[in-house]
>>> print(open('upload29.cif').read())   # mmCIF, C-alpha atoms and all ligand atoms
data_input
#
loop_
_atom_site.group_PDB
_atom_site.id
_atom_site.type_symbol
_atom_site.label_atom_id
_atom_site.label_comp_id
_atom_site.auth_asym_id
_atom_site.auth_seq_id
_atom_site.Cartn_x
_atom_site.Cartn_y
_atom_site.Cartn_z
ATOM 1 C CA MET A 29 0.000 0.000 0.000
ATOM 2 C CA LYS A 30 2.706 2.440 1.020
ATOM 3 C CA LYS A 31 4.508 1.675 -2.190
ATOM 4 C CA ILE A 32 1.453 2.571 -4.244
ATOM 5 C CA ILE A 33 1.098 5.883 -2.492
ATOM 6 C CA ARG A 34 4.730 6.616 -3.188
ATOM 7 C CA TYR A 35 4.288 5.815 -6.878
ATOM 8 C CA VAL A 36 1.186 7.956 -7.092
ATOM 9 C CA LEU A 37 2.968 10.894 -5.469
ATOM 10 C CA LEU A 38 5.950 10.461 -7.737
ATOM 11 C CA PHE A 39 3.697 10.320 -10.734
ATOM 12 C CA LEU A 40 1.897 13.508 -9.660
ATOM 13 C CA LEU A 41 5.178 15.279 -9.140
ATOM 14 C CA PHE A 42 6.357 14.152 -12.556
ATOM 15 C CA ALA A 43 3.078 15.266 -14.150
ATOM 16 C CA PHE A 44 3.346 18.657 -12.424
ATOM 17 C CA VAL A 45 6.830 19.181 -13.833
ATOM 18 C CA VAL A 46 5.818 18.048 -17.314
ATOM 19 C CA ILE A 47 2.799 20.353 -17.566
ATOM 20 C CA GLN A 48 5.034 23.352 -16.866
ATOM 21 C CA PHE A 49 6.438 22.909 -20.349
ATOM 22 C CA ILE A 50 3.272 22.454 -22.362
ATOM 23 C CA ASN A 51 1.050 25.189 -23.704
ATOM 24 C CA ARG A 52 2.420 28.176 -21.791
ATOM 25 C CA PRO A 53 -0.121 30.936 -22.461
ATOM 26 C CA GLU A 54 1.433 34.165 -23.639
ATOM 27 C CA LYS A 55 1.210 37.080 -21.217
ATOM 28 C CA ILE A 56 -0.521 40.164 -22.509
ATOM 29 C CA SER A 57 1.315 43.430 -22.157
ATOM 30 C CA GLU A 58 0.510 46.126 -24.670
ATOM 31 C CA PRO A 59 1.228 49.839 -24.475
ATOM 32 C CA VAL A 60 -1.522 52.127 -23.184
ATOM 33 C CA THR A 61 -3.140 54.029 -26.049
ATOM 34 C CA ASP A 62 -5.546 56.958 -26.204
ATOM 35 C CA THR A 63 -8.459 54.569 -26.860
ATOM 36 C CA ASP A 64 -8.234 53.569 -23.170
ATOM 37 C CA ILE A 65 -11.331 54.598 -21.214
ATOM 38 C CA ILE A 66 -9.267 56.454 -18.593
ATOM 39 C CA LEU A 67 -7.508 58.601 -21.191
ATOM 40 C CA ALA A 68 -10.441 58.905 -23.603
ATOM 41 C CA LEU A 69 -12.807 60.176 -20.907
ATOM 42 C CA ASN A 70 -10.201 61.838 -18.717
ATOM 43 C CA VAL A 71 -11.459 59.754 -15.797
ATOM 44 C CA ASP A 72 -10.663 61.208 -12.366
ATOM 45 C CA GLN A 73 -8.113 59.567 -10.110
ATOM 46 C CA GLU A 74 -10.500 57.881 -7.672
ATOM 47 C CA ILE A 75 -12.344 56.032 -10.430
ATOM 48 C CA SER A 76 -9.294 55.307 -12.551
ATOM 49 C CA GLU A 77 -7.487 53.773 -9.563
ATOM 50 C CA MET A 78 -10.519 51.586 -8.967
ATOM 51 C CA LEU A 79 -10.733 50.472 -12.582
ATOM 52 C CA LYS A 80 -7.017 49.712 -12.674
ATOM 53 C CA SER A 81 -6.886 47.825 -9.405
ATOM 54 C CA ALA A 82 -10.219 45.979 -9.637
ATOM 55 C CA CYS A 83 -10.955 45.518 -13.354
ATOM 56 C CA TYR A 84 -7.896 45.988 -15.551
ATOM 57 C CA ASP A 85 -6.369 42.589 -14.761
ATOM 58 C CA CYS A 86 -9.119 40.985 -16.865
ATOM 59 C CA HIS A 87 -10.529 43.848 -18.919
ATOM 60 C CA SER A 88 -7.562 45.687 -20.409
ATOM 61 C CA ASN A 89 -4.414 45.260 -22.457
ATOM 62 C CA GLN A 90 -2.326 45.701 -19.286
ATOM 63 C CA PRO A 91 -3.176 42.856 -16.924
ATOM 64 C CA ARG A 92 -0.821 42.470 -13.955
ATOM 65 C CA TYR A 93 0.331 38.910 -13.451
ATOM 66 C CA PRO A 94 1.054 37.576 -9.964
ATOM 67 C CA TRP A 95 3.988 35.119 -9.690
ATOM 68 C CA TYR A 96 1.645 32.121 -9.531
ATOM 69 C CA ALA A 97 0.285 33.127 -12.928
ATOM 70 C CA SER A 98 3.401 31.450 -14.302
ATOM 71 C CA VAL A 99 2.696 28.075 -12.720
ATOM 72 C CA ALA A 100 0.646 25.447 -14.561
ATOM 73 C CA PRO A 101 -2.208 24.651 -14.213
ATOM 74 C CA ILE A 102 -3.055 28.036 -12.603
ATOM 75 C CA ASN A 103 -1.696 29.928 -15.611
ATOM 76 C CA TRP A 104 -4.248 28.254 -17.919
ATOM 77 C CA TRP A 105 -7.076 29.163 -15.608
ATOM 78 C CA ILE A 106 -5.912 32.778 -15.224
ATOM 79 C CA SER A 107 -5.334 33.306 -18.915
ATOM 80 C CA ASP A 108 -8.788 31.895 -19.668
ATOM 81 C CA HIS A 109 -10.304 34.513 -17.374
ATOM 82 C CA ILE A 110 -8.297 37.262 -18.978
ATOM 83 C CA GLU A 111 -9.197 36.106 -22.470
ATOM 84 C CA GLU A 112 -12.869 35.805 -21.606
ATOM 85 C CA GLY A 113 -12.967 39.090 -19.678
ATOM 86 C CA ARG A 114 -11.230 41.029 -22.469
ATOM 87 C CA GLY A 115 -13.431 39.355 -25.047
ATOM 88 C CA GLU A 116 -16.530 40.688 -23.302
ATOM 89 C CA LEU A 117 -15.173 44.092 -22.417
ATOM 90 C CA ASN A 118 -11.761 45.629 -23.049
ATOM 91 C CA PHE A 119 -11.477 49.054 -21.424
ATOM 92 C CA SER A 120 -8.295 49.669 -23.425
ATOM 93 C CA LEU A 121 -10.364 49.819 -26.629
ATOM 94 C CA TRP A 122 -13.155 51.950 -25.195
ATOM 95 C CA SER A 123 -13.279 54.771 -27.713
ATOM 96 C CA THR A 124 -13.359 52.324 -30.624
ATOM 97 C CA PHE A 125 -16.792 51.036 -29.519
ATOM 98 C CA SER A 126 -20.072 52.373 -30.879
ATOM 99 C CA ALA A 127 -22.193 54.560 -28.593
ATOM 100 C CA ARG A 128 -24.671 51.713 -28.368
ATOM 101 C CA LYS A 129 -22.025 49.242 -27.245
ATOM 102 C CA ARG A 130 -20.490 51.671 -24.718
ATOM 103 C CA ASP A 131 -23.905 52.357 -23.246
ATOM 104 C CA HIS A 132 -24.761 48.679 -23.011
ATOM 105 C CA LYS A 133 -21.414 47.773 -21.416
ATOM 106 C CA LEU A 134 -21.880 50.473 -18.769
ATOM 107 C CA GLU A 135 -25.351 49.170 -18.052
ATOM 108 C CA GLU A 136 -23.729 45.785 -17.395
ATOM 109 C CA VAL A 137 -20.967 47.375 -15.308
ATOM 110 C CA ILE A 138 -23.577 48.993 -13.045
ATOM 111 C CA GLU A 139 -25.548 45.796 -12.709
ATOM 112 C CA LEU A 140 -22.591 43.478 -12.055
ATOM 113 C CA VAL A 141 -20.682 45.781 -9.716
ATOM 114 C CA GLU A 142 -23.780 46.494 -7.633
ATOM 115 C CA ALA A 143 -24.477 42.757 -7.398
ATOM 116 C CA ARG A 144 -20.792 42.217 -6.459
ATOM 117 C CA GLU A 145 -20.439 39.818 -9.376
ATOM 118 C CA MET A 146 -17.559 41.937 -10.705
ATOM 119 C CA PRO A 147 -14.696 41.836 -9.961
ATOM 120 C CA LEU A 148 -15.024 38.043 -10.079
ATOM 121 C CA PRO A 149 -15.628 36.881 -6.485
ATOM 122 C CA ASN A 150 -12.843 34.283 -6.591
ATOM 123 C CA TYR A 151 -10.362 37.011 -7.588
ATOM 124 C CA VAL A 152 -11.062 39.317 -4.665
ATOM 125 C CA PRO A 153 -9.558 37.359 -1.730
ATOM 126 C CA LEU A 154 -6.148 37.365 -3.426
ATOM 127 C CA HIS A 155 -6.386 41.018 -4.494
ATOM 128 C CA LYS A 156 -7.238 43.154 -1.490
ATOM 129 C CA GLU A 157 -7.158 46.318 -3.586
ATOM 130 C CA ALA A 158 -10.053 44.903 -5.638
ATOM 131 C CA ASP A 159 -12.225 44.410 -2.566
ATOM 132 C CA LEU A 160 -14.393 47.472 -3.151
ATOM 133 C CA SER A 161 -16.175 49.102 -0.219
ATOM 134 C CA ASP A 162 -19.841 50.075 -0.441
ATOM 135 C CA GLU A 163 -18.731 53.698 -0.887
ATOM 136 C CA GLN A 164 -16.395 52.752 -3.739
ATOM 137 C CA ILE A 165 -19.152 50.777 -5.428
ATOM 138 C CA ALA A 166 -21.519 53.719 -5.064
ATOM 139 C CA ALA A 167 -18.893 56.047 -6.591
ATOM 140 C CA LEU A 168 -18.232 53.678 -9.486
ATOM 141 C CA VAL A 169 -21.946 53.283 -10.204
ATOM 142 C CA LYS A 170 -22.485 57.049 -10.037
ATOM 143 C CA TRP A 171 -19.617 57.559 -12.463
ATOM 144 C CA ALA A 172 -20.931 54.893 -14.875
ATOM 145 C CA LYS A 173 -24.372 56.520 -14.816
ATOM 146 C CA SER A 174 -22.894 59.928 -15.578
ATOM 147 C CA VAL A 175 -20.969 58.491 -18.537
ATOM 148 C CA ARG A 176 -24.181 56.893 -19.817
ATOM 149 C CA ALA A 177 -25.866 60.286 -19.595
ATOM 150 C CA ASP A 178 -23.003 61.803 -21.634
ATOM 151 C CA ILE A 179 -23.370 59.056 -24.247
ATOM 152 C CA ALA A 180 -27.114 59.778 -24.511
ATOM 153 C CA ASN A 181 -26.222 63.409 -25.277
ATOM 154 C CA GLU A 182 -23.708 62.578 -27.994
ATOM 155 C CA PRO A 183 -24.727 63.670 -31.459
ATOM 156 C CA ALA A 184 -26.059 60.499 -33.132
ATOM 157 C CA SER A 185 -23.419 59.072 -35.437
ATOM 158 C CA GLU A 186 -23.766 55.298 -35.506
HETATM 159 C C1 LIG A 201 -10.432 38.029 -12.503
HETATM 160 C C2 LIG A 201 -10.933 38.540 -13.737
HETATM 161 C C3 LIG A 201 -11.945 39.652 -13.742
HETATM 162 C C4 LIG A 201 -11.934 40.837 -13.049
HETATM 163 C C5 LIG A 201 -10.903 41.316 -12.055
HETATM 164 C C6 LIG A 201 -13.095 41.584 -13.479
HETATM 165 N N1 LIG A 201 -13.781 40.875 -14.406
HETATM 166 FE FE1 LIG A 201 -15.448 41.451 -15.417
HETATM 167 N N2 LIG A 201 -15.500 39.661 -16.414
HETATM 168 C C7 LIG A 201 -14.603 38.647 -16.270
HETATM 169 C C8 LIG A 201 -15.010 37.501 -17.071
HETATM 170 C C9 LIG A 201 -14.285 36.176 -17.160
HETATM 171 C C10 LIG A 201 -16.203 37.895 -17.728
HETATM 172 C C11 LIG A 201 -17.042 37.087 -18.695
HETATM 173 C C12 LIG A 201 -17.827 36.024 -18.053
HETATM 174 C C13 LIG A 201 -18.883 36.547 -17.154
HETATM 175 O O1 LIG A 201 -19.686 37.397 -17.566
HETATM 176 O O2 LIG A 201 -18.915 36.093 -15.982
HETATM 177 C C14 LIG A 201 -16.487 39.251 -17.288
HETATM 178 C C15 LIG A 201 -17.568 39.980 -17.693
HETATM 179 C C16 LIG A 201 -17.796 41.307 -17.364
HETATM 180 C C17 LIG A 201 -18.860 42.110 -17.881
HETATM 181 C C18 LIG A 201 -19.942 41.607 -18.818
HETATM 182 C C19 LIG A 201 -19.786 42.140 -20.198
HETATM 183 C C20 LIG A 201 -20.982 41.751 -21.021
HETATM 184 O O3 LIG A 201 -21.249 42.453 -21.961
HETATM 185 O O4 LIG A 201 -21.652 40.760 -20.708
HETATM 186 C C21 LIG A 201 -18.737 43.338 -17.323
HETATM 187 C C22 LIG A 201 -19.630 44.561 -17.562
HETATM 188 C C23 LIG A 201 -17.611 43.312 -16.431
HETATM 189 N N3 LIG A 201 -17.048 42.057 -16.473
HETATM 190 C C24 LIG A 201 -17.181 44.380 -15.678
HETATM 191 C C25 LIG A 201 -16.153 44.334 -14.752
HETATM 192 C C26 LIG A 201 -15.782 45.438 -13.912
HETATM 193 C C27 LIG A 201 -16.448 46.799 -13.918
HETATM 194 C C28 LIG A 201 -14.748 45.014 -13.142
HETATM 195 C C29 LIG A 201 -14.060 45.777 -12.053
HETATM 196 C C30 LIG A 201 -14.872 46.362 -11.024
HETATM 197 C C31 LIG A 201 -14.456 43.631 -13.530
HETATM 198 N N4 LIG A 201 -15.342 43.267 -14.494
HETATM 199 C C32 LIG A 201 -13.441 42.850 -13.001
HETATM 200 C C33 LIG A 201 -13.465 38.660 -15.487
HETATM 201 C C34 LIG A 201 -13.114 39.677 -14.607
#
>>> encode(input="upload29.cif", output="structure tokens")
Amino acid sequence: MKKIIRYVLLFLLFAFVVIQFINRPEKISEPVTDTDIILALNVDQEISEMLKSACYDCHSNQPRYPWYASVAPINWWISDHIEEGRGELNFSLWSTFSARKRDHKLEEVIELVEAREMPLPNYVPLHKEADLSDEQIAALVKWAKSVRADIANEPASE
């Protein structure tokens, strides 16, 4: 019996080492451009800090990667989140979106942040700076509503 356990542990260790070499997802790191929501809308510091610390790891072209993001299988899981999050909403490309899309995304932001579904709940315990207080959530929601009002006042183009 003991022998079997030893073989199983050895096998797991071997498998852990082997998976470090397969399919290493590329880390995203692109320069900030003026299509970024913070630059495009000249977002104030309070809100931009919040976006950067609570949302940009999955919704921008500048995610920060913790050290464990280099270790398989965690790296696959993290890069899936980043890919999925950026696919839904990439704040770095904000000004390239139509008014309709920007408005709809902000509607979702308000809904998900108020429900504490964003940032992703499993992300928060490891990222204290993303653990938004009720006041921060209220400020973020107020900001998102004001941006929606600005979008409604844009001259219709699309
Ligand atoms: C750890 C990664 C992660 C973080 C951090 C994160 N998100 Fe997300 N977000 C996702 C993923 C993955 C999805 C897509 C799947 C889903 O909707 O659950 C998503 C979806 C969304 C959507 C839905 C877009 C749509 O059109 O359906 C919005 C809006 C959103 N996030 C806003 C935010 C905001 C605002 C923050 C910061 C307060 C944030 N997210 C932080 C991973 C993240």
>>> atom_distance(input="upload29.cif", atom1="atom CA of Leu140 of chain A", atom2="atom CA of Asn70 of chain A")
23.1 Å
>>> resolve_selection(input="upload29.cif", expression="the PyMOL selection byres (((chain A and resi 175) around 12) and not hetatm)", output="short mmCIF file (atom, residue, chain, number, x, y, z; two decimals) with C-alpha atoms, in the coordinates of the input")
data_model
loop_
_atom_site.label_atom_id
_atom_site.label_comp_id
_atom_site.auth_asym_id
_atom_site.auth_seq_id
_atom_site.Cartn_x
_atom_site.Cartn_y
_atom_site.Cartn_z
CA ILE A 65 -11.33 54.60 -21.21
CA ILE A 66 -9.27 56.45 -18.59
CA ALA A 68 -10.44 58.90 -23.60
CA LEU A 69 -12.81 60.18 -20.91
CA ASN A 70 -10.20 61.84 -18.72
CA VAL A 71 -11.46 59.75 -15.80
CA ALA A 127 -22.19 54.56 -28.59
CA ARG A 130 -20.49 51.67 -24.72
CA ASP A 131 -23.90 52.36 -23.25
CA HIS A 132 -24.76 48.68 -23.01
CA LYS A 133 -21.41 47.77 -21.42
CA LEU A 134 -21.88 50.47 -18.77
CA GLU A 135 -25.35 49.17 -18.05
CA VAL A 137 -20.97 47.38 -15.31
CA ILE A 138 -23.58 48.99 -13.04
CA LEU A 168 -18.23 53.68 -9.49
CA VAL A 169 -21.95 53.28 -10.20
CA LYS A 170 -22.48 57.05 -10.04
CA TRP A 171 -19.62 57.56 -12.46
CA ALA A 172 -20.93 54.89 -14.88
CA LYS A 173 -24.37 56.52 -14.82
CA SER A 174 -22.89 59.93 -15.58
CA ARG A 176 -24.18 56.89 -19.82
CA ALA A 177 -25.87 60.29 -19.60
CA ASP A 178 -23.00 61.80 -21.63
CA ILE A 179 -23.37 59.06 -24.25
CA ALA A 180 -27.11 59.78 -24.51
CA ASN A 181 -26.22 63.41 -25.28
CA GLU A 182 -23.71 62.58 -27.99
#
>>> closest_residue(input="upload29.cif", among="A:Pro147, A:Pro59, A:Pro101, A:Pro91", to="ligand LIG 201 (chain A)", atoms="all atoms listed in the file")
A:Pro147
>>> closest_atom_pairs(input="upload29.cif", of="chain A", to="ligand LIG 201 (chain A)", cutoff="9 Å", atoms="all atoms listed in the file", output="CSV")
residue,atom,partner,partner_atom,distance
A:Met78,CA,A:LIG201,C30,7.1
A:Leu79,CA,A:LIG201,C29,5.8
A:Lys80,CA,A:LIG201,C29,8.1
A:Ser81,CA,A:LIG201,C29,7.9
A:Ala82,CA,A:LIG201,C29,4.5
A:Cys83,CA,A:LIG201,C29,3.4
A:Tyr84,CA,A:LIG201,C5,6.6
A:Asp85,CA,A:LIG201,C5,5.4
A:Cys86,CA,A:LIG201,C2,4.4
A:His87,CA,A:LIG201,N1,6.3
A:Ile106,CA,A:LIG201,C1,7.4
A:Asp108,CA,A:LIG201,C9,7.4
A:His109,CA,A:LIG201,C9,4.3
A:Ile110,CA,A:LIG201,C2,6.0
A:Glu111,CA,A:LIG201,C9,7.4
A:Glu112,CA,A:LIG201,C9,4.7
A:Gly113,CA,A:LIG201,C8,3.7
A:Arg114,CA,A:LIG201,C7,7.4
A:Gly115,CA,A:LIG201,C11,7.7
A:Glu116,CA,A:LIG201,C19,4.7
A:Leu117,CA,A:LIG201,C19,5.5
A:Lys129,CA,A:LIG201,O3,8.6
A:His132,CA,A:LIG201,O3,7.2
A:Lys133,CA,A:LIG201,C22,5.3
A:Leu134,CA,A:LIG201,C22,6.4
A:Glu135,CA,A:LIG201,C22,7.4
A:Glu136,CA,A:LIG201,C22,4.3
A:Val137,CA,A:LIG201,C22,3.8
A:Ile138,CA,A:LIG201,C22,7.5
A:Glu139,CA,A:LIG201,C22,7.8
A:Leu140,CA,A:LIG201,C22,6.3
A:Val141,CA,A:LIG201,C30,6.0
A:Arg144,CA,A:LIG201,C30,8.5
A:Glu145,CA,A:LIG201,O2,7.7
A:Met146,CA,A:LIG201,C31,4.5
A:Pro147,CA,A:LIG201,C32,3.4
A:Leu148,CA,A:LIG201,C3,5.0
A:Pro149,CA,A:LIG201,C1,8.0
A:Asn150,CA,A:LIG201,C1,7.4
A:Tyr151,CA,A:LIG201,C1,5.0
A:Val152,CA,A:LIG201,C5,7.7
A:His155,CA,A:LIG201,C5,8.8
A:Ala158,CA,A:LIG201,C30,7.4
A:Leu160,CA,A:LIG201,C30,8.0
A:Ile165,CA,A:LIG201,C30,8.3
A:Leu168,CA,A:LIG201,C30,8.2
>>> resolve_selection(input="upload29.cif", expression="the PyMOL selection byres (((chain A and resi 100) around 10) and not hetatm)", output="ChimeraX atom specification")
/A:44-53,96-99,101-106
>>> closest_residue(input="upload29.cif", among="A:Glu54, A:Asp62, A:Glu157, A:Asp162", to="Ser107 of chain A", atoms="only C-alpha atoms")
A:Glu54
>>> resolve_selection(input="upload29.cif", expression="the PyMOL selection byres (((chain A and resi 121) around 9) and not hetatm)", output="PyMOL selection string")
chain A and resi 61-65+88-89+117-120+122-125
>>> atom_distance(input="upload29.cif", atom1="atom CA of Glu163 of chain A", atom2="atom CA of Ala143 of chain A")
14.0 Å
>>> atom_distance(input="upload29.cif", atom1="atom CA of Ser126 of chain A", atom2="atom CA of Glu58 of chain A")
22.4 Å
>>> decode(input="upload29.cif", residues="segment 105-129 of chain A", atoms="C-alpha atoms", output="compact mmCIF listing (two decimals), in the first residue's frame")
# COMPACT_ATOMS: atom_id res chain seq x y z
CA TRP A 105 -7.08 29.16 -15.61
CA ILE A 106 -5.91 32.78 -15.22
CA SER A 107 -5.33 33.31 -18.92
CA ASP A 108 -8.79 31.90 -19.67
CA HIS A 109 -10.30 34.51 -17.37
CA ILE A 110 -8.30 37.26 -18.98
CA GLU A 111 -9.20 36.11 -22.47
CA GLU A 112 -12.87 35.80 -21.61
CA GLY A 113 -12.97 39.09 -19.68
CA ARG A 114 -11.23 41.03 -22.47
CA GLY A 115 -13.43 39.35 -25.05
CA GLU A 116 -16.53 40.69 -23.30
CA LEU A 117 -15.17 44.09 -22.42
CA ASN A 118 -11.76 45.63 -23.05
CA PHE A 119 -11.48 49.05 -21.42
CA SER A 120 -8.30 49.67 -23.42
CA LEU A 121 -10.36 49.82 -26.63
CA TRP A 122 -13.15 51.95 -25.19
CA SER A 123 -13.28 54.77 -27.71
CA THR A 124 -13.36 52.32 -30.62
CA PHE A 125 -16.79 51.04 -29.52
CA SER A 126 -20.07 52.37 -30.88
CA ALA A 127 -22.19 54.56 -28.59
CA ARG A 128 -24.67 51.71 -28.37
CA LYS A 129 -22.02 49.24 -27.25
